[in-house]
>>> print(open('target-v2.pdb').read())   # PDB, C-alpha atoms
ATOM      1  CA  MET A 900      -2.552 -39.112-114.359
ATOM      2  CA  PRO A 901      -0.400 -40.836-111.712
ATOM      3  CA  ALA A 902      -0.680 -39.698-108.127
ATOM      4  CA  ILE A 903       1.922 -37.253-106.909
ATOM      5  CA  CYS A 904       3.271 -37.069-103.380
ATOM      6  CA  PHE A 905       5.876 -34.834-101.788
ATOM      7  CA  PHE A 906       8.653 -35.341 -99.273
ATOM      8  CA  LEU A 907      10.798 -32.964 -97.251
ATOM      9  CA  ALA A 908      14.386 -32.651 -98.347
ATOM     10  CA  ALA A 909      16.968 -33.217 -95.640
ATOM     11  CA  LEU A 910      19.039 -30.149 -96.502
ATOM     12  CA  THR A 911      19.014 -27.336 -93.915
ATOM     13  CA  PHE A 912      20.736 -23.948 -93.892
ATOM     14  CA  SER A 913      21.124 -21.543 -90.953
ATOM     15  CA  ALA A 914      22.159 -17.938 -90.387
ATOM     16  CA  THR A 915      22.940 -16.044 -87.188
ATOM     17  CA  ALA A 916      23.192 -12.302 -86.518
ATOM     18  CA  PHE A 917      23.682 -10.304 -83.310
ATOM     19  CA  GLY A 918      21.924  -6.976 -82.890
ATOM     20  CA  GLU A 919      21.042  -4.451 -80.199
ATOM     21  CA  GLU A 920      17.615  -6.024 -79.710
ATOM     22  CA  GLY A 921      18.819  -9.584 -79.535
ATOM     23  CA  LEU A 922      20.231 -12.373 -81.636
ATOM     24  CA  THR A 923      18.463 -13.625 -84.748
ATOM     25  CA  THR A 924      18.934 -17.113 -86.155
ATOM     26  CA  ALA A 925      17.240 -18.512 -89.246
ATOM     27  CA  ALA A 926      16.865 -22.143 -90.265
ATOM     28  CA  THR A 927      15.907 -22.925 -93.866
ATOM     29  CA  ARG A 928      14.705 -26.218 -95.272
ATOM     30  CA  LEU A 929      14.277 -27.126 -98.934
ATOM     31  CA  MET A 930      10.808 -28.630 -99.259
ATOM     32  CA  THR A 931       9.758 -30.751-102.209
ATOM     33  CA  VAL A 932       6.299 -29.620-103.261
ATOM     34  CA  ALA A 933       4.064 -31.318-105.793
ATOM     35  CA  PRO A 934       2.547 -29.033-108.452
ATOM     36  CA  THR A 935      -1.140 -28.202-108.300
ATOM     37  CA  ASP A 936      -1.588 -26.028-111.390
ATOM     38  CA  ALA A 937      -0.395 -26.035-114.989
ATOM     39  CA  THR A 938       0.138 -22.989-117.195
ATOM     40  CA  LEU A 939      -0.826 -23.554-120.815
ATOM     41  CA  GLN A 940       0.595 -21.409-123.601
ATOM     42  CA  VAL A 941      -1.509 -20.923-126.695
ATOM     43  CA  SER A 942      -0.136 -19.192-129.787
ATOM     44  CA  VAL A 943      -2.835 -17.890-132.136
ATOM     45  CA  THR A 944      -1.822 -16.548-135.552
ATOM     46  CA  ALA A 945      -4.297 -14.504-137.586
ATOM     47  CA  GLU A 946      -4.122 -12.195-140.579
ATOM     48  CA  ALA A 947      -3.101  -8.710-139.454
ATOM     49  CA  SER A 948      -6.280  -7.243-140.947
ATOM     50  CA  ARG A 949      -8.433  -9.366-138.666
ATOM     51  CA  PRO A 950      -9.733  -7.387-135.658
ATOM     52  CA  LEU A 951      -8.687  -8.534-132.201
ATOM     53  CA  ALA A 952     -12.348  -8.592-131.162
ATOM     54  CA  ASP A 953     -13.007 -11.221-133.822
ATOM     55  CA  VAL A 954     -10.088 -13.366-132.647
ATOM     56  CA  LEU A 955     -11.245 -13.104-129.036
ATOM     57  CA  ALA A 956     -14.785 -14.070-130.007
ATOM     58  CA  LYS A 957     -13.391 -17.271-131.533
ATOM     59  CA  VAL A 958     -10.988 -18.315-128.740
ATOM     60  CA  LYS A 959     -13.624 -17.646-126.095
ATOM     61  CA  GLU A 960     -14.774 -21.175-126.866
ATOM     62  CA  ILE A 961     -11.582 -22.525-125.242
ATOM     63  CA  ALA A 962     -11.824 -20.209-122.210
ATOM     64  CA  LEU A 963      -9.315 -17.611-123.466
ATOM     65  CA  GLY A 964      -9.967 -13.912-122.998
ATOM     66  CA  PRO A 965      -8.102 -10.586-123.203
ATOM     67  CA  GLU A 966      -6.829 -11.064-119.638
ATOM     68  CA  HIS A 967      -4.855 -14.100-120.806
ATOM     69  CA  ILE A 968      -2.867 -12.279-123.529
ATOM     70  CA  SER A 969       0.832 -12.157-122.625
ATOM     71  CA  THR A 970       2.411 -10.946-125.884
ATOM     72  CA  VAL A 971       1.353  -9.608-129.293
ATOM     73  CA  PHE A 972       3.749  -9.813-132.233
ATOM     74  CA  SER A 973       3.218  -8.659-135.823
ATOM     75  CA  THR A 974       4.997  -9.800-138.967
ATOM     76  CA  PRO A 975       4.962  -7.752-142.187
ATOM     77  CA  GLY A 976       3.568  -9.060-145.425
ATOM     78  CA  VAL A 977       5.931 -10.326-148.112
ATOM     79  CA  ALA A 978       5.230  -9.621-151.780
ATOM     80  CA  SER A 979       5.634 -12.400-154.285
ATOM     81  CA  PRO A 980       8.888 -12.219-156.279
ATOM     82  CA  ALA A 981       7.214 -13.690-159.376
ATOM     83  CA  PRO A 982       3.934 -13.024-161.184
ATOM     84  CA  GLY A 983       1.162 -15.491-160.475
ATOM     85  CA  ILE A 984       2.658 -16.636-157.166
ATOM     86  CA  PRO A 985       0.803 -15.316-154.100
ATOM     87  CA  GLY A 986       2.739 -13.448-151.432
ATOM     88  CA  VAL A 987       2.499 -13.815-147.690
ATOM     89  CA  ALA A 988      -0.027 -11.646-145.885
ATOM     90  CA  ALA A 989       0.924  -9.685-142.791
ATOM     91  CA  GLN A 990       0.123 -11.594-139.630
ATOM     92  CA  THR A 991      -0.429 -10.957-135.940
ATOM     93  CA  ILE A 992       0.594 -13.580-133.388
ATOM     94  CA  TYR A 993      -1.173 -13.535-130.036
ATOM     95  CA  THR A 994       0.285 -15.523-127.154
ATOM     96  CA  PHE A 995      -2.160 -16.497-124.408
ATOM     97  CA  ARG A 996      -1.326 -18.004-121.008
ATOM     98  CA  LEU A 997      -3.986 -19.823-119.037
ATOM     99  CA  THR A 998      -3.544 -21.486-115.635
ATOM    100  CA  VAL A 999      -5.696 -24.563-114.974
ATOM    101  CA  PRO A1000      -5.780 -27.215-112.223
ATOM    102  CA  LEU A1001      -3.139 -29.832-112.945
ATOM    103  CA  ALA A1002      -5.757 -32.607-113.037
ATOM    104  CA  GLN A1003      -7.461 -30.808-115.940
ATOM    105  CA  ALA A1004      -4.307 -29.966-117.915
ATOM    106  CA  SER A1005      -4.359 -32.928-120.311
ATOM    107  CA  ALA A1006      -8.047 -32.477-121.108
ATOM    108  CA  SER A1007      -7.558 -28.743-121.657
ATOM    109  CA  LEU A1008      -4.631 -29.352-124.007
ATOM    110  CA  GLN A1009      -6.649 -31.857-126.004
ATOM    111  CA  ARG A1010      -9.645 -29.517-126.241
ATOM    112  CA  MET A1011      -7.456 -26.660-127.493
ATOM    113  CA  GLN A1012      -5.764 -28.899-130.068
ATOM    114  CA  GLN A1013      -9.152 -30.041-131.352
ATOM    115  CA  PHE A1014     -10.283 -26.427-131.530
ATOM    116  CA  GLY A1015      -7.230 -25.578-133.625
ATOM    117  CA  SER A1016      -7.934 -28.434-136.043
ATOM    118  CA  ALA A1017     -11.538 -27.299-136.437
ATOM    119  CA  ASN A1018     -10.665 -23.632-137.098
ATOM    120  CA  ALA A1019      -8.363 -23.480-140.093
ATOM    121  CA  ASP A1020      -8.748 -19.687-140.340
ATOM    122  CA  LEU A1021      -6.498 -19.439-137.281
ATOM    123  CA  ARG A1022      -3.161 -21.180-136.779
ATOM    124  CA  ILE A1023      -3.065 -22.442-133.204
ATOM    125  CA  GLN A1024      -0.157 -24.014-131.332
ATOM    126  CA  VAL A1025      -0.578 -25.268-127.770
ATOM    127  CA  SER A1026       2.058 -26.269-125.211
ATOM    128  CA  THR A1027       2.638 -26.540-121.479
ATOM    129  CA  ALA A1028       4.624 -23.519-120.287
ATOM    130  CA  GLY A1029       5.131 -24.835-116.760
ATOM    131  CA  VAL A1030       3.556 -25.984-113.542
ATOM    132  CA  GLY A1031       3.476 -24.565-110.038
ATOM    133  CA  ALA A1032       2.107 -24.992-106.552
ATOM    134  CA  ASN A1033      -0.656 -22.719-105.334
ATOM    135  CA  LEU A1034      -0.501 -20.929-101.986
ATOM    136  CA  ALA A1035      -2.715 -23.484-100.272
ATOM    137  CA  ALA A1036      -0.332 -26.319-101.181
ATOM    138  CA  LEU A1037       2.702 -24.352-100.017
ATOM    139  CA  ALA A1038       0.966 -23.429 -96.779
ATOM    140  CA  GLU A1039       0.170 -27.090 -96.089
ATOM    141  CA  VAL A1040       3.830 -28.077 -96.387
ATOM    142  CA  GLN A1041       4.806 -25.015 -94.359
ATOM    143  CA  LYS A1042       2.482 -26.080 -91.541
ATOM    144  CA  GLN A1043       4.154 -29.473 -91.326
ATOM    145  CA  VAL A1044       7.721 -28.150 -91.280
ATOM    146  CA  PHE A1045       7.322 -25.040 -89.103
ATOM    147  CA  PRO A1046       7.601 -26.720 -85.642
ATOM    148  CA  GLU A1047      10.850 -28.456 -86.549
ATOM    149  CA  LEU A1048      12.459 -25.352 -88.054
ATOM    150  CA  TYR A1049      11.339 -23.171 -85.144
ATOM    151  CA  LYS A1050      12.872 -25.593 -82.663
ATOM    152  CA  GLU A1051      16.101 -25.735 -84.681
ATOM    153  CA  ALA A1052      16.401 -21.956 -85.096
ATOM    154  CA  LYS A1053      15.709 -21.337 -81.384
ATOM    155  CA  ALA A1054      18.261 -23.948 -80.313
ATOM    156  CA  ARG A1055      20.894 -22.419 -82.599
ATOM    157  CA  ALA A1056      20.196 -18.962 -81.175
ATOM    158  CA  GLU A1057      20.491 -20.204 -77.595
ATOM    159  CA  GLN A1058      23.756 -21.974 -78.357
ATOM    160  CA  ALA A1059      25.211 -18.955 -80.144
ATOM    161  CA  ILE A1060      24.370 -16.751 -77.148
ATOM    162  CA  ARG A1061      25.990 -19.210 -74.745
ATOM    163  CA  ASP A1062      29.064 -19.437 -76.976
ATOM    164  CA  ALA A1063      29.357 -15.649 -76.666
ATOM    165  CA  GLY A1064      29.391 -15.955 -72.853
ATOM    166  CA  LEU A1065      25.881 -14.589 -72.436
ATOM    167  CA  SER A1066      22.583 -16.000 -71.185
ATOM    168  CA  PRO A1067      19.673 -16.543 -73.578
ATOM    169  CA  GLY A1068      16.407 -14.807 -72.721
ATOM    170  CA  ARG A1069      12.864 -14.734 -74.020
ATOM    171  CA  VAL A1070      11.785 -14.998 -77.642
ATOM    172  CA  LEU A1071      11.396 -11.490 -79.056
ATOM    173  CA  ALA A1072      10.091 -12.300 -82.529
ATOM    174  CA  ILE A1073       9.323 -15.150 -84.918
ATOM    175  CA  SER A1074       9.018 -14.834 -88.668
ATOM    176  CA  ASP A1075       8.927 -17.128 -91.668
ATOM    177  CA  SER A1076       9.062 -16.868 -95.432
ATOM    178  CA  PHE A1077       8.736 -19.071 -98.485
ATOM    179  CA  VAL A1078       8.808 -18.666-102.246
ATOM    180  CA  THR A1079       5.348 -18.280-103.790
ATOM    181  CA  THR A1080       6.247 -18.122-107.465
ATOM    182  CA  GLY A1081       5.568 -20.970-109.860
ATOM    183  CA  PHE A1082       8.291 -23.306-111.004
ATOM    184  CA  TYR A1083       8.851 -24.523-114.533
ATOM    185  CA  VAL A1084       9.453 -28.119-115.506
ATOM    186  CA  THR A1085       9.272 -30.246-118.638
ATOM    187  CA  ALA A1086       6.694 -32.752-117.355
ATOM    188  CA  LEU A1087       3.340 -32.274-115.658
ATOM    189  CA  THR A1088       4.209 -34.667-112.815
ATOM    190  CA  THR A1089       7.573 -33.201-111.780
ATOM    191  CA  SER A1090       7.940 -31.716-108.304
ATOM    192  CA  ALA A1091      10.268 -28.911-107.237
ATOM    193  CA  GLN A1092      12.185 -27.812-104.161
ATOM    194  CA  VAL A1093      10.950 -24.655-102.487
ATOM    195  CA  PRO A1094      12.983 -22.917 -99.734
ATOM    196  CA  TYR A1095      11.130 -22.239 -96.486
ATOM    197  CA  SER A1096      12.786 -20.245 -93.705
ATOM    198  CA  VAL A1097      11.916 -19.670 -90.036
ATOM    199  CA  SER A1098      13.692 -16.924 -88.064
ATOM    200  CA  VAL A1099      13.792 -16.567 -84.274
ATOM    201  CA  ARG A1100      15.086 -13.513 -82.381
ATOM    202  CA  LEU A1101      16.126 -14.094 -78.775
ATOM    203  CA  ALA A1102      16.981 -11.597 -76.068
ATOM    204  CA  PHE A1103      20.269 -12.119 -74.209
ATOM    205  CA  GLU A1104      21.923 -10.884 -71.001
TER
END
>>> encode(input="target-v2.pdb", output="structure tokens")
Amino acid sequence: MPAICFFLAALTFSATAFGEEGLTTAATRLMTVAPTDATLQVSVTAEASRPLADVLAKVKEIALGPEHISTVFSTPGVASPAPGIPGVAAQTIYTFRLTVPLAQASASLQRMQQFGSANADLRIQVSTAGVGANLAALAEVQKQVFPELYKEAKARAEQAIRDAGLSPGRVLAISDSFVTTGFYVTALTTSAQVPYSVSVRLAFE
């Protein structure tokens, strides 16, 4: 799999608000973060009469367990309209979601596809539901961008206070935030932009 690198987008947003305890200014930068994990979706169709425990015992071989079940859907049986032609048995469709390291995604997909081919008693469909960055990856990008956004937010606060005819004082509070949810893409090597915001509250006189 080709190497993936990230860069920091040049788009910045800011917000300013006066309050009794000081003035707060936030600077937000859209960061491009490379994915670290892939979420695989596995659809397993079995006859409705087959116990879930039996299905789980089979798919355990591909690292799927009850904690990975996201949905369960049942379809009714259909009787044959003509004698001698078999009908369709009732079925239960289990959808599993499993998150794996991105570097292992292709191998995991292949292993699950081979498992499906070798187990004709179950109908198995495998796909990539999406990819995302884990908290460690987001924190690494955050660490690189924080000094610049802090400096920008503080400078904006000082300027806004001066524009109001007041004098900026000490820093009262600093906070930051960033999105931690996964992002969905159509390819395993696609990156995504994640907003990261730093807020600074300054006293004024």
>>> atom_distance(input="target-v2.pdb", atom1="CA of Gln1003 (chain A)", atom2="CA of Val943 (chain A)")
21.2 Å
>>> closest_residue(input="target-v2.pdb", among="A:Pro1094, A:Gly921, A:Gly976, A:Pro950", to="Leu1037 (chain A)", atoms="only C-alpha atoms")
A:Pro1094
>>> residues_around(input="target-v2.pdb", residues="region 1021-1023 of chain A", least_positions_apart="2", cutoff="6 Å", atoms="only C-alpha atoms", output="ChimeraX atom specification")
/A:942-945,1015,1018-1019
>>> atom_distance(input="target-v2.pdb", atom1="CA of Val1097 (chain A)", atom2="CA of Gly1064 (chain A)")
24.8 Å
>>> closest_residue(input="target-v2.pdb", among="A:Thr931, A:Thr998, A:Ser948, A:Gln1092", to="Gly1029 (chain A)", atoms="all atoms listed in the file")
A:Thr998
>>> residues_around(input="target-v2.pdb", residues="region 979-990 of chain A", least_positions_apart="4", cutoff="6 Å", atoms="only C-alpha atoms", output="MDAnalysis selection string")
chainID A and resid 945:947 973:975
>>> closest_residue(input="target-v2.pdb", among="A:Gln1024, A:Gln1058, A:Pro934, A:Ala952", to="Val999 (chain A)", atoms="all atoms listed in the file")
A:Pro934
>>> build_atoms(input="target-v2.pdb", residues="region 951-966 of chain A", atoms="N, CA and C atoms", output="CSV table (one decimal), in the frame of the given file")
chain,number,residue,atom,x,y,z
A,951,LEU,N,-8.9,-7.8,-133.4
A,951,LEU,CA,-8.7,-8.5,-132.2
A,951,LEU,C,-10.0,-9.0,-131.6
A,952,ALA,N,-11.0,-8.2,-131.7
A,952,ALA,CA,-12.3,-8.6,-131.2
A,952,ALA,C,-12.9,-9.9,-131.8
A,953,ASP,N,-12.6,-10.0,-133.1
A,953,ASP,CA,-13.0,-11.2,-133.8
A,953,ASP,C,-12.2,-12.4,-133.4
A,954,VAL,N,-10.9,-12.3,-133.1
A,954,VAL,CA,-10.1,-13.4,-132.6
A,954,VAL,C,-10.5,-13.8,-131.3
A,955,LEU,N,-10.8,-12.8,-130.4
A,955,LEU,CA,-11.2,-13.1,-129.0
A,955,LEU,C,-12.6,-13.8,-129.0
A,956,ALA,N,-13.5,-13.4,-129.9
A,956,ALA,CA,-14.8,-14.1,-130.0
A,956,ALA,C,-14.6,-15.5,-130.4
A,957,LYS,N,-13.6,-15.9,-131.2
A,957,LYS,CA,-13.4,-17.3,-131.5
A,957,LYS,C,-12.8,-18.1,-130.4
A,958,VAL,N,-11.7,-17.5,-129.8
A,958,VAL,CA,-11.0,-18.3,-128.7
A,958,VAL,C,-11.7,-18.3,-127.4
A,959,LYS,N,-12.8,-17.6,-127.3
A,959,LYS,CA,-13.6,-17.6,-126.1
A,959,LYS,C,-14.1,-19.1,-125.9
A,960,GLU,N,-14.3,-19.8,-126.9
A,960,GLU,CA,-14.8,-21.2,-126.9
A,960,GLU,C,-13.8,-22.1,-126.1
A,961,ILE,N,-12.5,-21.7,-126.0
A,961,ILE,CA,-11.6,-22.5,-125.2
A,961,ILE,C,-11.1,-21.8,-124.0
A,962,ALA,N,-12.0,-20.9,-123.5
A,962,ALA,CA,-11.8,-20.2,-122.2
A,962,ALA,C,-10.7,-19.2,-122.2
A,963,LEU,N,-10.3,-18.6,-123.4
A,963,LEU,CA,-9.3,-17.6,-123.5
A,963,LEU,C,-10.0,-16.3,-123.6
A,964,GLY,N,-9.4,-15.3,-122.9
A,964,GLY,CA,-10.0,-13.9,-123.0
A,964,GLY,C,-8.8,-12.9,-123.0
A,965,PRO,N,-9.1,-11.6,-123.1
A,965,PRO,CA,-8.1,-10.6,-123.2
A,965,PRO,C,-7.2,-10.6,-122.0
A,966,GLU,N,-7.7,-11.0,-120.8
A,966,GLU,CA,-6.8,-11.1,-119.6
A,966,GLU,C,-5.7,-12.1,-119.7
